[in-house]
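See below for my_file.pdb, which holds PDB, C-alpha atoms.
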ATOM      1  CA  MET A  24     -33.031  28.867   0.542
ATOM      2  CA  GLU A  25     -34.554  26.901   3.414
ATOM      3  CA  LYS A  26     -33.521  27.076   7.067
ATOM      4  CA  ILE A  27     -33.136  23.633   8.648
ATOM      5  CA  ALA A  28     -31.430  21.797  11.494
ATOM      6  CA  TYR A  29     -28.588  19.533  10.362
ATOM      7  CA  GLN A  30     -26.232  17.167  12.168
ATOM      8  CA  GLY A  31     -26.860  18.743  15.565
ATOM      9  CA  TRP A  32     -26.613  22.355  14.381
ATOM     10  CA  PRO A  33     -29.968  24.178  14.677
ATOM     11  CA  ASN A  34     -29.150  27.015  12.260
ATOM     12  CA  CYS A  35     -28.367  25.626   8.833
ATOM     13  CA  TYR A  36     -29.416  26.598   5.323
ATOM     14  CA  ARG A  37     -30.263  24.270   2.460
ATOM     15  CA  LEU A  38     -30.002  25.280  -1.181
ATOM     16  CA  SER A  39     -31.627  22.992  -3.726
ATOM     17  CA  ASN A  40     -32.905  23.111  -7.288
ATOM     18  CA  GLY A  41     -34.563  19.714  -7.027
ATOM     19  CA  ALA A  42     -31.560  17.897  -8.527
ATOM     20  CA  VAL A  43     -28.756  18.631  -6.061
ATOM     21  CA  GLU A  44     -28.543  20.248  -2.649
ATOM     22  CA  LEU A  45     -25.951  22.102  -0.592
ATOM     23  CA  ILE A  46     -26.110  22.657   3.169
ATOM     24  CA  VAL A  47     -24.284  25.443   4.990
ATOM     25  CA  THR A  48     -24.322  25.803   8.756
ATOM     26  CA  ALA A  49     -24.527  29.255  10.321
ATOM     27  CA  ASP A  50     -23.426  27.912  13.727
ATOM     28  CA  VAL A  51     -19.751  27.544  12.653
ATOM     29  CA  GLY A  52     -17.757  28.156   9.534
ATOM     30  CA  PRO A  53     -17.997  29.252   6.846
ATOM     31  CA  ARG A  54     -18.378  25.623   5.756
ATOM     32  CA  ILE A  55     -20.382  23.856   3.066
ATOM     33  CA  MET A  56     -21.172  20.631   4.896
ATOM     34  CA  ARG A  57     -23.064  18.828   2.138
ATOM     35  CA  TYR A  58     -23.100  18.658  -1.650
ATOM     36  CA  GLY A  59     -24.917  15.795  -3.306
ATOM     37  CA  PHE A  60     -27.905  14.684  -5.273
ATOM     38  CA  VAL A  61     -31.199  15.108  -3.446
ATOM     39  CA  GLY A  62     -31.707  11.870  -1.532
ATOM     40  CA  GLY A  63     -28.195  10.708  -2.429
ATOM     41  CA  GLU A  64     -24.911  10.397  -0.609
ATOM     42  CA  ASN A  65     -22.912  13.387   0.534
ATOM     43  CA  MET A  66     -19.779  13.791  -1.587
ATOM     44  CA  PHE A  67     -18.080  15.442   1.397
ATOM     45  CA  ARG A  68     -16.831  13.795   4.556
ATOM     46  CA  GLU A  69     -18.350  14.916   7.852
ATOM     47  CA  THR A  70     -16.276  14.442  11.007
ATOM     48  CA  ALA A  71     -18.712  12.640  13.297
ATOM     49  CA  GLU A  72     -17.069  13.623  16.592
ATOM     50  CA  HIS A  73     -17.248  17.332  15.720
ATOM     51  CA  LEU A  74     -20.770  17.565  14.307
ATOM     52  CA  GLY A  75     -23.085  19.886  16.248
ATOM     53  CA  LYS A  76     -20.276  21.407  18.310
ATOM     54  CA  THR A  77     -19.685  25.140  18.596
ATOM     55  CA  GLY A  78     -17.416  27.512  20.517
ATOM     56  CA  GLY A  79     -14.019  27.034  22.067
ATOM     57  CA  GLU A  80     -10.543  27.891  20.835
ATOM     58  CA  ASP A  81      -9.426  24.488  19.548
ATOM     59  CA  TYR A  82      -9.386  23.891  15.809
ATOM     60  CA  ARG A  83     -11.973  21.286  14.716
ATOM     61  CA  SER A  84     -11.983  19.506  11.409
ATOM     62  CA  TYR A  85     -15.719  19.504  10.800
ATOM     63  CA  GLY A  86     -15.317  18.240   7.237
ATOM     64  CA  GLY A  87     -17.193  19.604   4.243
ATOM     65  CA  HIS A  88     -15.718  22.394   2.128
ATOM     66  CA  ARG A  89     -13.769  25.211   3.779
ATOM     67  CA  LEU A  90     -11.591  28.241   3.043
ATOM     68  CA  TRP A  91      -8.061  28.560   4.385
ATOM     69  CA  ILE A  92      -5.143  30.916   3.801
ATOM     70  CA  ALA A  93      -1.875  29.778   2.228
ATOM     71  CA  PRO A  94       1.011  29.073   2.618
ATOM     72  CA  GLU A  95       0.207  26.673   5.456
ATOM     73  CA  HIS A  96       1.344  27.866   8.869
ATOM     74  CA  ARG A  97       0.649  26.151  12.180
ATOM     75  CA  THR A  98      -0.840  29.265  13.803
ATOM     76  CA  ARG A  99      -2.078  31.447  10.964
ATOM     77  CA  THR A 100      -3.723  28.721   8.905
ATOM     78  CA  TYR A 101      -5.279  26.719  11.738
ATOM     79  CA  GLN A 102      -7.439  29.492  13.155
ATOM     80  CA  HIS A 103     -10.626  27.865  14.406
ATOM     81  CA  ASP A 104     -13.989  28.455  12.738
ATOM     82  CA  ASN A 105     -16.112  27.591  15.782
ATOM     83  CA  SER A 106     -18.148  30.833  15.911
ATOM     84  CA  PRO A 107     -21.484  31.654  14.238
ATOM     85  CA  VAL A 108     -21.366  33.120  10.738
ATOM     86  CA  ALA A 109     -23.688  35.617   9.104
ATOM     87  CA  VAL A 110     -25.720  33.993   6.319
ATOM     88  CA  GLU A 111     -27.739  36.014   3.838
ATOM     89  CA  ALA A 112     -29.522  35.279   0.583
ATOM     90  CA  VAL A 113     -28.042  36.452  -2.718
ATOM     91  CA  PRO A 114     -29.555  35.942  -6.190
ATOM     92  CA  GLY A 115     -29.478  32.220  -6.855
ATOM     93  CA  GLY A 116     -27.758  31.335  -3.609
ATOM     94  CA  LEU A 117     -26.338  32.535  -0.312
ATOM     95  CA  ARG A 118     -23.333  34.175   1.292
ATOM     96  CA  ALA A 119     -21.690  33.082   4.568
ATOM     97  CA  LEU A 120     -19.370  35.541   6.325
ATOM     98  CA  GLN A 121     -17.374  34.685   9.449
ATOM     99  CA  PRO A 122     -16.277  37.121  12.175
ATOM    100  CA  THR A 123     -12.825  38.615  11.625
ATOM    101  CA  GLU A 124     -10.093  36.347  12.932
ATOM    102  CA  ARG A 125      -8.476  37.989  15.938
ATOM    103  CA  LEU A 126      -4.914  36.825  15.226
ATOM    104  CA  THR A 127      -4.825  37.284  11.439
ATOM    105  CA  GLY A 128      -7.148  40.243  10.824
ATOM    106  CA  ILE A 129      -8.718  38.230   7.977
ATOM    107  CA  GLN A 130     -12.440  37.738   7.486
ATOM    108  CA  LYS A 131     -13.378  34.726   5.351
ATOM    109  CA  GLU A 132     -16.409  34.601   3.084
ATOM    110  CA  ILE A 133     -17.933  31.896   0.898
ATOM    111  CA  GLU A 134     -20.618  32.770  -1.650
ATOM    112  CA  ILE A 135     -22.622  30.029  -3.368
ATOM    113  CA  HIS A 136     -24.624  30.265  -6.591
ATOM    114  CA  LEU A 137     -26.648  27.204  -7.605
ATOM    115  CA  ALA A 138     -27.830  26.805 -11.202
ATOM    116  CA  PRO A 139     -31.635  26.685 -11.665
ATOM    117  CA  GLN A 140     -31.330  23.139 -12.956
ATOM    118  CA  GLY A 141     -28.688  20.442 -13.110
ATOM    119  CA  SER A 142     -25.779  20.171 -10.679
ATOM    120  CA  SER A 143     -23.661  23.244 -11.505
ATOM    121  CA  VAL A 144     -22.512  25.405  -8.598
ATOM    122  CA  ARG A 145     -20.306  28.510  -8.574
ATOM    123  CA  ILE A 146     -18.351  29.048  -5.351
ATOM    124  CA  VAL A 147     -16.668  32.404  -4.716
ATOM    125  CA  HIS A 148     -14.129  32.486  -1.876
ATOM    126  CA  ARG A 149     -13.062  35.839  -0.432
ATOM    127  CA  LEU A 150     -10.348  36.832   2.042
ATOM    128  CA  HIS A 151     -11.024  40.310   3.465
ATOM    129  CA  ASN A 152      -8.229  42.238   5.181
ATOM    130  CA  ARG A 153      -9.798  43.926   8.226
ATOM    131  CA  GLY A 154      -6.440  44.915   9.685
ATOM    132  CA  VAL A 155      -4.264  47.990   9.256
ATOM    133  CA  TRP A 156      -1.349  46.500   7.272
ATOM    134  CA  ASP A 157      -1.029  44.763   3.920
ATOM    135  CA  ILE A 158      -1.284  40.976   4.145
ATOM    136  CA  GLU A 159       0.388  38.689   1.608
ATOM    137  CA  THR A 160      -1.404  35.377   1.260
ATOM    138  CA  ALA A 161      -3.433  33.225  -1.127
ATOM    139  CA  PRO A 162      -6.960  31.800  -0.894
ATOM    140  CA  TRP A 163      -7.014  28.037  -0.441
ATOM    141  CA  ALA A 164     -10.255  26.144  -1.129
ATOM    142  CA  LEU A 165     -10.354  22.644   0.366
ATOM    143  CA  SER A 166     -13.031  20.044  -0.365
ATOM    144  CA  VAL A 167     -12.873  17.195   2.158
ATOM    145  CA  MET A 168     -14.151  14.232   0.169
ATOM    146  CA  ALA A 169     -15.899  11.215   1.662
ATOM    147  CA  PRO A 170     -13.724   8.100   2.032
ATOM    148  CA  GLY A 171     -13.469   5.320  -0.504
ATOM    149  CA  GLY A 172     -13.018   7.265  -3.731
ATOM    150  CA  THR A 173     -10.270   8.138  -6.201
ATOM    151  CA  ALA A 174      -9.061  11.611  -7.179
ATOM    152  CA  ILE A 175      -7.893  12.277 -10.739
ATOM    153  CA  ALA A 176      -5.827  15.195 -12.003
ATOM    154  CA  PRO A 177      -4.507  15.894 -15.525
ATOM    155  CA  LEU A 178      -0.872  16.429 -16.346
ATOM    156  CA  PRO A 179       0.171  19.202 -18.765
ATOM    157  CA  PRO A 180       0.076  18.388 -22.506
ATOM    158  CA  ARG A 181       2.566  15.679 -23.413
ATOM    159  CA  GLY A 182       5.179  15.904 -26.158
ATOM    160  CA  THR A 183       8.170  14.118 -27.639
ATOM    161  CA  HIS A 184      11.951  14.180 -27.487
ATOM    162  CA  PRO A 185      14.056  15.654 -29.066
ATOM    163  CA  GLU A 186      11.390  18.095 -30.217
ATOM    164  CA  ASP A 187      10.680  19.275 -26.637
ATOM    165  CA  LEU A 188      13.921  20.067 -24.821
ATOM    166  CA  LEU A 189      12.737  22.210 -21.897
ATOM    167  CA  PRO A 190      10.630  21.224 -18.853
ATOM    168  CA  THR A 191       6.992  22.300 -18.820
ATOM    169  CA  SER A 192       5.776  21.658 -15.277
ATOM    170  CA  THR A 193       6.598  20.497 -11.751
ATOM    171  CA  LEU A 194       5.339  17.993  -9.196
ATOM    172  CA  VAL A 195       5.663  19.283  -5.630
ATOM    173  CA  LEU A 196       6.413  16.786  -2.848
ATOM    174  CA  TRP A 197       6.269  16.968   0.950
ATOM    175  CA  THR A 198       8.613  15.118   3.301
ATOM    176  CA  TYR A 199       6.005  12.384   3.754
ATOM    177  CA  SER A 200       5.190  12.017   0.048
ATOM    178  CA  ASP A 201       5.983   8.459  -1.017
ATOM    179  CA  LEU A 202       5.719   7.774  -4.741
ATOM    180  CA  SER A 203       5.939   4.023  -4.106
ATOM    181  CA  ASP A 204       2.693   4.096  -2.110
ATOM    182  CA  PRO A 205       0.119   1.958  -3.980
ATOM    183  CA  ARG A 206      -2.548   4.651  -3.567
ATOM    184  CA  TRP A 207      -0.808   6.621  -6.328
ATOM    185  CA  HIS A 208      -1.287   5.771  -9.983
ATOM    186  CA  PHE A 209       0.917   7.528 -12.548
ATOM    187  CA  GLY A 210      -0.147   7.521 -16.163
ATOM    188  CA  LYS A 211       1.244   9.475 -19.062
ATOM    189  CA  ARG A 212      -1.592  12.024 -19.029
ATOM    190  CA  TYR A 213      -3.100  11.679 -15.522
ATOM    191  CA  ILE A 214      -2.183  11.188 -11.880
ATOM    192  CA  SER A 215      -4.652   9.445  -9.565
ATOM    193  CA  LEU A 216      -4.756   9.131  -5.780
ATOM    194  CA  ARG A 217      -6.971   6.576  -4.058
ATOM    195  CA  GLN A 218      -8.394   7.080  -0.573
ATOM    196  CA  ASP A 219      -7.813   3.994   1.583
ATOM    197  CA  PRO A 220      -9.482   3.701   5.035
ATOM    198  CA  ASN A 221      -6.759   1.218   6.009
ATOM    199  CA  ALA A 222      -3.866   3.552   5.234
ATOM    200  CA  THR A 223      -1.337   4.147   7.996
ATOM    201  CA  VAL A 224       0.408   7.274   6.633
ATOM    202  CA  PRO A 225      -0.815  10.357   4.753
ATOM    203  CA  GLN A 226       0.133  11.332   1.211
ATOM    204  CA  LYS A 227       0.307  14.721  -0.503
ATOM    205  CA  MET A 228       1.337  16.210  -3.829
ATOM    206  CA  GLY A 229       0.977  19.617  -5.464
ATOM    207  CA  MET A 230       1.229  20.893  -9.019
ATOM    208  CA  PRO A 231       0.496  23.877 -11.231
ATOM    209  CA  MET A 232      -2.850  22.766 -12.663
ATOM    210  CA  LEU A 233      -2.678  24.263 -16.131
ATOM    211  CA  ASP A 234      -5.906  22.577 -17.280
ATOM    212  CA  GLY A 235      -7.733  23.941 -14.213
ATOM    213  CA  TRP A 236      -9.759  20.916 -13.149
ATOM    214  CA  ALA A 237      -9.701  17.838 -10.939
ATOM    215  CA  ALA A 238     -12.217  15.065 -10.283
ATOM    216  CA  TYR A 239     -13.223  12.616  -7.552
ATOM    217  CA  LEU A 240     -15.056   9.358  -8.266
ATOM    218  CA  ASN A 241     -16.876   7.694  -5.378
ATOM    219  CA  HIS A 242     -19.936   5.417  -5.136
ATOM    220  CA  GLY A 243     -20.562   5.781  -8.871
ATOM    221  CA  GLN A 244     -20.736   9.575  -8.621
ATOM    222  CA  LEU A 245     -18.208  11.902 -10.254
ATOM    223  CA  PHE A 246     -17.446  15.265  -8.620
ATOM    224  CA  ILE A 247     -15.641  17.767 -10.836
ATOM    225  CA  LYS A 248     -14.218  21.081  -9.701
ATOM    226  CA  LYS A 249     -12.850  23.689 -12.103
ATOM    227  CA  PHE A 250     -10.672  26.676 -11.233
ATOM    228  CA  ALA A 251      -8.622  29.157 -13.233
ATOM    229  CA  TYR A 252      -4.844  29.031 -13.639
ATOM    230  CA  GLN A 253      -2.965  32.290 -14.252
ATOM    231  CA  ASP A 254       0.277  31.803 -16.178
ATOM    232  CA  ALA A 255       2.017  34.952 -14.969
ATOM    233  CA  ALA A 256       0.977  34.615 -11.325
ATOM    234  CA  SER A 257       2.982  33.360  -8.343
ATOM    235  CA  TYR A 258       1.400  30.458  -6.444
ATOM    236  CA  PRO A 259       2.159  29.076  -2.964
ATOM    237  CA  ASP A 260       3.935  25.787  -2.301
ATOM    238  CA  MET A 261       6.496  26.009  -5.118
ATOM    239  CA  GLY A 262       3.917  27.028  -7.690
ATOM    240  CA  SER A 263       1.009  24.753  -6.768
ATOM    241  CA  SER A 264      -2.496  25.732  -7.847
ATOM    242  CA  PHE A 265      -3.828  22.268  -6.957
ATOM    243  CA  GLU A 266      -2.970  19.775  -4.229
ATOM    244  CA  PHE A 267      -4.112  16.288  -3.205
ATOM    245  CA  PHE A 268      -3.983  15.181   0.417
ATOM    246  CA  THR A 269      -5.223  11.902   1.857
ATOM    247  CA  ASN A 270      -5.131   9.887   5.066
ATOM    248  CA  ALA A 271      -7.170   7.018   6.484
ATOM    249  CA  LYS A 272     -10.207   9.272   7.058
ATOM    250  CA  MET A 273     -10.656  11.285   3.874
ATOM    251  CA  LEU A 274      -9.157  12.796   0.731
ATOM    252  CA  GLU A 275      -8.836  16.540   0.155
ATOM    253  CA  MET A 276      -9.134  18.216  -3.251
ATOM    254  CA  GLU A 277      -7.465  21.593  -2.799
ATOM    255  CA  SER A 278      -7.332  24.466  -5.267
ATOM    256  CA  LEU A 279      -5.274  27.592  -4.575
ATOM    257  CA  GLY A 280      -5.414  31.108  -5.934
ATOM    258  CA  PRO A 281      -2.304  33.176  -6.694
ATOM    259  CA  LEU A 282      -0.361  34.883  -3.932
ATOM    260  CA  GLY A 283      -1.278  38.517  -3.550
ATOM    261  CA  LYS A 284      -1.087  41.464  -1.182
ATOM    262  CA  ILE A 285      -4.400  42.479   0.372
ATOM    263  CA  ALA A 286      -4.504  46.132   1.363
ATOM    264  CA  PRO A 287      -6.582  47.080   4.426
ATOM    265  CA  GLY A 288     -10.244  47.038   3.424
ATOM    266  CA  ALA A 289      -9.564  45.034   0.243
ATOM    267  CA  CYS A 290     -10.026  41.330  -0.507
ATOM    268  CA  LEU A 291      -8.708  38.463  -2.613
ATOM    269  CA  GLU A 292     -11.144  36.259  -4.554
ATOM    270  CA  HIS A 293     -10.858  32.680  -5.754
ATOM    271  CA  GLU A 294     -13.600  30.912  -7.704
ATOM    272  CA  GLU A 295     -14.471  27.270  -8.260
ATOM    273  CA  ARG A 296     -17.146  25.631 -10.418
ATOM    274  CA  TRP A 297     -18.588  22.298  -9.303
ATOM    275  CA  SER A 298     -20.623  19.666 -11.110
ATOM    276  CA  LEU A 299     -21.819  16.203 -10.162
ATOM    277  CA  PHE A 300     -22.601  13.215 -12.404
ATOM    278  CA  ARG A 301     -24.466   9.978 -11.639
ATOM    279  CA  ASP A 302     -23.802   6.397 -12.695
ATOM    280  CA  VAL A 303     -20.145   6.869 -13.602
ATOM    281  CA  LYS A 304     -17.856   3.847 -13.799
ATOM    282  CA  LEU A 305     -14.159   3.619 -14.593
ATOM    283  CA  ASP A 306     -13.024   0.172 -15.727
ATOM    284  CA  SER A 307      -9.405   1.145 -15.025
ATOM    285  CA  LEU A 308      -7.151   4.141 -14.413
ATOM    286  CA  ALA A 309      -5.673   3.916 -17.902
ATOM    287  CA  ASP A 310      -5.358   7.257 -19.676
ATOM    288  CA  ASP A 311      -7.715   6.336 -22.502
ATOM    289  CA  GLU A 312     -10.363   5.195 -20.021
ATOM    290  CA  ILE A 313     -10.087   8.466 -18.071
ATOM    291  CA  ASP A 314     -10.394  10.346 -21.369
ATOM    292  CA  ARG A 315     -13.553   8.412 -22.212
ATOM    293  CA  VAL A 316     -15.268   8.636 -18.836
ATOM    294  CA  VAL A 317     -13.948  11.714 -17.012
ATOM    295  CA  LEU A 318     -12.612  14.133 -19.611
ATOM    296  CA  ALA A 319     -15.816  13.838 -21.615
ATOM    297  CA  ARG A 320     -17.747  15.134 -18.596
ATOM    298  CA  VAL A 321     -15.249  17.878 -17.744
ATOM    299  CA  SER A 322     -16.240  19.660 -20.942
ATOM    300  CA  GLU A 323     -19.829  19.771 -19.682
ATOM    301  CA  VAL A 324     -18.945  21.781 -16.557
ATOM    302  CA  GLN A 325     -20.009  25.397 -17.014
ATOM    303  CA  VAL A 326     -17.343  28.080 -16.579
TER     304      VAL A 326
END
Let me see the file written as structure tokens.
Amino acid sequence: MEKIAYQGWPNCYRLSNGAVELIVTADVGPRIMRYGFVGGENMFRETAEHLGKTGGEDYRSYGGHRLWIAPEHRTRTYQHDNSPVAVEAVPGGLRALQPTERLTGIQKEIEIHLAPQGSSVRIVHRLHNRGVWDIETAPWALSVMAPGGTAIAPLPPRGTHPEDLLPTSTLVLWTYSDLSDPRWHFGKRYISLRQDPNATVPQKMGMPMLDGWAAYLNHGQLFIKKFAYQDAASYPDMGSSFEFFTNAKMLEMESLGPLGKIAPGACLEHEERWSLFRDVKLDSLADDEIDRVVLARVSEVQV
């Protein structure tokens, strides 16, 4: 772990194993502002007008990877993360812990473990209840991806009729979800969402991600995140454990943990595993092509 200045913030920490690097700022957050190959492009978007800023009560979308609480609520969810965070080394990584939020009584924590070699990262998200009453919520891990790429998510296993008579899954839509928007691509086994800097309206969709992974392809680099799905658990947003969101500036890859009650002094955890691959090219968004290029690499991500 190396302390550096980054994007106008003087107190940042860089983790690297020589192959990939992650940068966390201690001046705001907790946020992972960079994940990429050493010397390569950042897979995450950084909001230029907010870089280097600290303090104040307004919510800023700094970019990077962040931790929220679900379901989304205009006051509870959009608590600012403009204050310094405590950063400390842990074996193989670091932990960033924010001050307790005054209005929610929740203290957010992100712990990062980087593999000694390769690109594998384990991210542990924690919501601590520092209040005096139980809090019912769910951890919500949002990766704000750099513009210009395409997100890919698998659908549940397919079957045939009349052998399969009952439904097996759901797709969750928002009022502004538009399935005719050309940024969506619907295959039999996969759904894809393309980020378009010229888009005029946002798009969003949620789903119970039974396979527990999603991917983002941009600039020839493939970002894969894995996360567990619990069959018996209750998830926010009509059962969504994964959500896409995109607008003209970025695309978010969002995984959610199950809803749970956090007793005072207790916490909820949600874990993701990340990996990054170079020189990846999709000739199309056809299912067989995604199987060949993306699914083959998903199996390489450590769990």
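You will find CA of Ile158 in chain A at 20.6 Å from CA of Pro53 in chain A.
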> Which residues fall under the PyMOL selection byres ((chain A and resi 210-226) around 8) in this file, as an MDAnalysis selection string?
Replying inline: chainID A and resid 170:181 199:201 206:209 227:228 267:274 308:310
Contact residues around Trp163 in chain A with all atoms listed in the file at 8 Å, ignoring same-chain residues under 3 positions, as a CSV table (one decimal) with C-alpha atoms, keeping the file's coordinate frame:
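Saved to around.csv:
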chain,number,residue,atom,x,y,z
A,90,LEU,CA,-11.6,28.2,3.0
A,91,TRP,CA,-8.1,28.6,4.4
A,92,ILE,CA,-5.1,30.9,3.8
A,93,ALA,CA,-1.9,29.8,2.2
A,277,GLU,CA,-7.5,21.6,-2.8
A,278,SER,CA,-7.3,24.5,-5.3
A,279,LEU,CA,-5.3,27.6,-4.6
A,280,GLY,CA,-5.4,31.1,-5.9
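The coordinates place CA of Ala138 in chain A at 20.3 Å from CA of Thr48 in chain A.
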> Leaving out Gly31 in chain A and any residue of its chain fewer than 3 positions from it, which residues lie within 10 Å of it when counting all atoms listed in the file, given as a PyMOL selection string?
Replying inline: chain A and resi 28+34-35+50+73-76
> At what distance in Å, to one decimal, does CA of Glu132 in chain A lie from CA of Asp81 in chain A?
Replying inline: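 Value for the CA of Asp81 in chain A-CA of Glu132 in chain A distance: 20.5 Å.
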> In terms of the shortest atom-to-atom distance over only C-alpha atoms, which of A:Gly116, A:Pro190, A:Gly262, A:Gly243 is closest to Met230 in chain A?
Replying inline: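 Closest candidate: A:Gly262.
Evaluating the PyMOL selection byres ((chain A and resi 130) around 9) against the shown model yields Leu120, Gln121, Pro122, Thr123, Glu124, Thr127, Gly128, Ile129, Lys131, Glu132, Arg149, Leu150, His151, Asn152 and Arg153 of chain A.
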Can you list every residue of range 60-97 of chain A that has an atom at most 7 Å from range 101-109 of chain A, with its nearest atom pair and the distance in Å to one decimal, using only C-alpha atoms, ordered by chain then number, as a Markdown table?
| residue | atom | partner | partner_atom | distance |
| --- | --- | --- | --- | --- |
| A:Thr77 | CA | A:Asn105 | CA | 5.2 |
| A:Gly78 | CA | A:Asn105 | CA | 4.9 |
| A:Gly79 | CA | A:Asn105 | CA | 6.6 |
| A:Glu80 | CA | A:His103 | CA | 6.4 |
| A:Asp81 | CA | A:His103 | CA | 6.3 |
| A:Tyr82 | CA | A:His103 | CA | 4.4 |
| A:Arg83 | CA | A:His103 | CA | 6.7 |
| A:Arg97 | CA | A:Tyr101 | CA | 6.0 |
> When the PyMOL selection byres ((chain A and resi 47) around 6) is applied to the file above, which residues end up in the set, as a PyMOL selection string?
Replying inline: chain A and resi 35-36+46+48+54-56
> In terms of the shortest atom-to-atom distance over all atoms listed in the file, which of A:Leu282, A:Ala164, A:Leu233, A:Ile133 is closest to Ala119 in chain A?
Replying inline: A:Ile133
